[in-house]
Structure formats: structure tokens, C-alpha cells
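Here's the structure, in C-alpha cells; my notes come after.
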Amino acid sequence: MVCGNRHSFDIARSGYVNLLQPQDRRSKQPGDSAKAVAARRRLHDRGFTAPLLTGIAQILAAAPADSILDAGCGEGFYAGNIAKMSGCGAAGIDISTSAMDAAARRYADCLWIAANADRFIPFMDGAFSKIVSITARMNAAEFRRVLQDGGRLLVAVPAPEDLIELRGRGRDRVERTVESFAKEFELVERDRVTTAAELDTEAVDDVLHSIYRPMQAQPATAMRVTFSLDLLLFRACAS
């Protein structure tokens, strides 16, 4: 299933495959830092994002799948847990080697690849029946190439109220996202999943370390924080 003819690769001690090439890197350590990866994992482990996982799993469950790819998978929380819930094979790709190391250590039954999904997704044509992109990569052409005809693509984007307490009200990204996939995909379902949690100081600090451009500049204090995603389920158009 992995397409290796365009890349040389190394297998890290933790088990992920490293396909990053010099041209794929904009810095010595691209993607999320080890500190950001650890902060996000602590939030997942404490259950704050569990309702988001449930909402994503429910919208994906409408269509059967035997293989799923998480593009921009971070430390593997969504792909690893969806694989356990559904029993399907799963793979994740992310540019952060820190994230891939964390994913491989916890979810050893999945395939984890460090690569730049904005350039190329290192899998054969039609390798997957489902793809998820959760506040992450949006490479429509590559998604369509590695997705089977009629396969499903779930794109999750932050809703306007997501983390509103920490970075203010965001913009509505739905229309622009749908337009960016319109050539290759048909929108078949739209939903929004929202939850709020009372976070202690340590959890707020973890949120601040795991997001970009937080509004809050002062030290973290305990507060109620909103997590909200717009879920867009697409069907791959016939090639």
C-alpha cells in the first residue's frame, strides 16, 4: 500500500516511517514541537476532547470502511481510536517527527509516516476507503488520488466558537472549505460537535501550548473552555 518509489526512508526506533526529505522541511524541526505534542496528548488523556472523537466517529460510521488515513494526524489520537472502534486498518501522516514518535509508541497497530502531505501522500492510488483531516492538511488532489471511488473524506475545521475564551471568536470556514474540495468531492453531510469543559490551570496551559496564536498572553488561569468543530463529510466523485 505504501508507495516508496519517490522516497528513501528510515524506520525510527519507535516504529514510525520517516520519509521527510530536505525539500519537505521549512525548519530543522517542522510541525508541532515535542512540547505541543505532549500538551495535546494530556488534554486527550484527561477526556476533554472525548466528545469530539465521538462526534467524528459517529459521522464516519454511516459508511463501511476497511482502511482509513488521517492526514495531519498529530500524536495519533483520532486515527488510533477510530481504528479501535471500527476494526479497520489505519495510517497517519504528519510532518512532525515528535508527533509520529508519540503515535507509534502508543498505537502500534497503525502505520505512522513522517512526511509532508502538502506535497505528496506516499500511498498508492485508491489505497483508502476513508480519509480524515482534523484541523489539518487539505490537499484535495492527493486526497482524491489515494481515496477509492465513492470513498468518504471527513474534513473537520474549527467552528467560530472553538476556543473562543482563549483566542476570540473565529471565522466561519465551512463555505471556503467546501469550495476548495468541490472539484473532486461532493458534500454529503454537515454537522457540528461542541463541548465545554472546566479546565484547571495546567489544562489551560496545555491548550495554550497546543494551539497557534492564542489571544491570551497572561499566565494561564482555570476557566471554562469551548471546543467546537464543523464536520464536513464528502464523497469522492468518480474518476
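Lettering and numbering for the C-alpha cells are positional, with chains as A, B, ... in the shown order, residues counted from 1 in each chain, and ligands counted from 1 in the shown order.
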
(request) Mind listing the strand (DSSP E) residues of segment 14-229 of chain A, per DSSP on the backbone, as a ChimeraX atom specification? (result) /A:17-18,67-71,89-94,111-114,128-134,147-158,185-199,223-229

(request) Give me the residues within 10 Å of Ala203 of chain A as JSON, numbers by chain, counting only C-alpha atoms and dropping any in the same chain fewer than 4 places off. (result) {"A": [39, 40, 42, 43, 46, 48, 198, 199, 207, 208, 209, 220, 221, 222, 223, 225]}

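Comparing A:Ala104, A:Leu229, A:Ala236, A:Cys88 by their smallest distance to Gly55 of chain A, the closest is A:Leu229 (using only C-alpha atoms).
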
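Shortest separation to Ser67 of chain A among A:Ala91, A:Ala114, A:Ile211, A:Ala196 occurs at residue A:Ala91, atoms counted being only C-alpha atoms.
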
(request) Using DSSP on the backbone coordinates, identify the residues of segment 38-194 of chain A assigned to helix (DSSP H, G or I); present them as a PyMOL selection string. (result) chain A and resi 38-45+50-60+77-86+97-106+140-146+164-167+174-181

(request) Tell me, in Å to one decimal, how far atom CA of Asp125 of chain A is from atom CA of Ala102 of chain A. (result) 27.6 Å

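Taking only C-alpha atoms, the non-local environment of Asp101 of chain A within 10 Å (same-chain residues fewer than 3 positions away omitted) comprises Ala12, Arg13, Ser14, Gly15, Tyr16, Val17, Asn18, Ala34, Val37, Gly74, Glu75, Gly76, Ser96, Thr97, Ser98, Ala104, Arg105, Arg106, Trp112, Ile113 and Ala114 of chain A.
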
Quick one: write out the picked residues with N, CA, C and O atoms as a tab-separated table (two decimals), in the first residue's frame?
chain	number	residue	atom	x	y	z
A	12	ALA	N	12.14	4.61	12.41
A	12	ALA	CA	12.59	5.04	13.72
A	12	ALA	C	12.47	3.91	14.73
A	12	ALA	O	11.72	2.96	14.54
A	13	ARG	N	13.18	4.04	15.83
A	13	ARG	CA	13.16	3.01	16.86
A	13	ARG	C	11.75	2.78	17.40
A	13	ARG	O	11.37	1.64	17.72
A	14	SER	N	10.94	3.83	17.48
A	14	SER	CA	9.58	3.69	17.99
A	14	SER	C	8.65	3.04	16.97
A	14	SER	O	7.55	2.62	17.32
A	15	GLY	N	9.06	2.97	15.69
A	15	GLY	CA	8.28	2.24	14.71
A	15	GLY	C	7.67	3.04	13.58
A	15	GLY	O	7.11	2.47	12.66
A	16	TYR	N	7.78	4.38	13.61
A	16	TYR	CA	7.22	5.14	12.50
A	16	TYR	C	8.21	5.19	11.34
A	16	TYR	O	9.42	5.02	11.51
A	17	VAL	N	7.68	5.42	10.14
A	17	VAL	CA	8.50	5.52	8.93
A	17	VAL	C	8.78	6.99	8.65
A	17	VAL	O	7.84	7.81	8.60
A	18	ASN	N	10.03	7.33	8.46
A	18	ASN	CA	10.41	8.73	8.21
A	18	ASN	C	10.72	8.92	6.73
A	18	ASN	O	11.73	8.43	6.23
A	34	ALA	N	7.78	18.91	20.37
A	34	ALA	CA	7.54	17.86	21.37
A	34	ALA	C	6.69	18.39	22.52
A	34	ALA	O	5.84	17.67	23.05
A	37	VAL	N	3.05	18.50	21.29
A	37	VAL	CA	2.54	17.13	21.19
A	37	VAL	C	2.16	16.60	22.57
A	37	VAL	O	1.09	16.01	22.76
A	74	GLY	N	-1.17	14.39	13.87
A	74	GLY	CA	-0.65	14.71	15.19
A	74	GLY	C	-0.18	13.48	15.92
A	74	GLY	O	0.43	12.58	15.32
A	75	GLU	N	-0.48	13.39	17.21
A	75	GLU	CA	0.03	12.26	18.00
A	75	GLU	C	-0.87	11.02	17.94
A	75	GLU	O	-0.69	10.09	18.71
A	76	GLY	N	-1.79	11.00	16.97
A	76	GLY	CA	-2.49	9.76	16.65
A	76	GLY	C	-3.78	9.50	17.37
A	76	GLY	O	-4.38	8.44	17.19
A	96	SER	N	5.49	16.34	11.67
A	96	SER	CA	6.20	16.41	12.94
A	96	SER	C	6.72	15.03	13.35
A	96	SER	O	5.94	14.12	13.60
A	97	THR	N	8.03	14.89	13.45
A	97	THR	CA	8.59	13.61	13.89
A	97	THR	C	8.29	13.37	15.37
A	97	THR	O	8.16	12.22	15.79
A	98	SER	N	8.15	14.44	16.15
A	98	SER	CA	7.77	14.28	17.56
A	98	SER	C	6.38	13.67	17.67
A	98	SER	O	6.13	12.79	18.50
A	104	ALA	N	3.41	6.33	17.26
A	104	ALA	CA	3.91	4.96	17.07
A	104	ALA	C	4.08	4.24	18.40
A	104	ALA	O	3.85	3.03	18.50
A	105	ARG	N	4.47	4.96	19.43
A	105	ARG	CA	4.67	4.33	20.74
A	105	ARG	C	3.35	3.90	21.37
A	105	ARG	O	3.30	2.89	22.08
A	106	ARG	N	2.28	4.65	21.14
A	106	ARG	CA	1.01	4.32	21.77
A	106	ARG	C	0.12	3.43	20.90
A	106	ARG	O	-0.55	2.52	21.41
A	112	TRP	N	2.40	4.71	10.85
A	112	TRP	CA	2.65	6.13	11.03
A	112	TRP	C	3.81	6.57	10.14
A	112	TRP	O	4.87	5.94	10.14
A	113	ILE	N	3.61	7.66	9.41
A	113	ILE	CA	4.61	8.12	8.45
A	113	ILE	C	4.86	9.61	8.64
A	113	ILE	O	3.93	10.42	8.64
A	114	ALA	N	6.12	9.97	8.82
A	114	ALA	CA	6.52	11.37	8.85
A	114	ALA	C	6.79	11.81	7.42
A	114	ALA	O	7.70	11.31	6.75

Write out as a tab-separated table a residue-level contact list of segment 179-236 of chain A versus segment 128-144 of chain A with cut-off 12 Å: for each qualifying residue the closest pair of atoms and the distance in Å to one decimal, counting only C-alpha atoms, rows sorted by chain and residue number upward.
residue	atom	partner	partner_atom	distance
A:Glu179	CA	A:Ala140	CA	10.7
A:Ser180	CA	A:Ala140	CA	7.5
A:Phe181	CA	A:Ala140	CA	5.9
A:Ala182	CA	A:Ala140	CA	9.1
A:Lys183	CA	A:Ala140	CA	8.6
A:Glu184	CA	A:Arg144	CA	6.5
A:Phe185	CA	A:Arg144	CA	7.9
A:Glu186	CA	A:Arg144	CA	11.4
A:Ile211	CA	A:Thr135	CA	10.8
A:Tyr212	CA	A:Thr135	CA	11.7
A:Ser228	CA	A:Thr135	CA	11.0
A:Leu229	CA	A:Thr135	CA	8.5
A:Asp230	CA	A:Thr135	CA	9.7
A:Leu231	CA	A:Ile134	CA	8.8
A:Leu232	CA	A:Val132	CA	9.9
A:Leu233	CA	A:Val132	CA	9.2
A:Phe234	CA	A:Ile131	CA	9.8
A:Arg235	CA	A:Lys130	CA	9.4
A:Ala236	CA	A:Arg144	CA	6.6

(request) Provide the atom CA of Leu111 of chain A to atom CA of Ala90 of chain A distance in Å, to one decimal place. (result)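 Taking atom CA of Leu111 of chain A and atom CA of Ala90 of chain A, their separation equals 6.5 Å.
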
(request) Show which residues sit within 12 Å of Thr195 of chain A, as a PyMOL selection string. Count only C-alpha atoms, and ignore same-chain residues fewer than 4 positions away. (result) chain A and resi 47-55+159+161-163+224-229

(request) Quick one: pull the distance between atom CA of Asn116 of chain A and atom CA of Ile93 of chain A, Å, one decimal. (result) 7.9 Å

(message) Could you list, as a PyMOL selection string, every residue within 7 Å of segment 78-80 of chain A, counting only C-alpha atoms and ignoring same-chain residues fewer than 3 positions away?
(response) chain A and resi 53+70+83-84+90+92+107+110
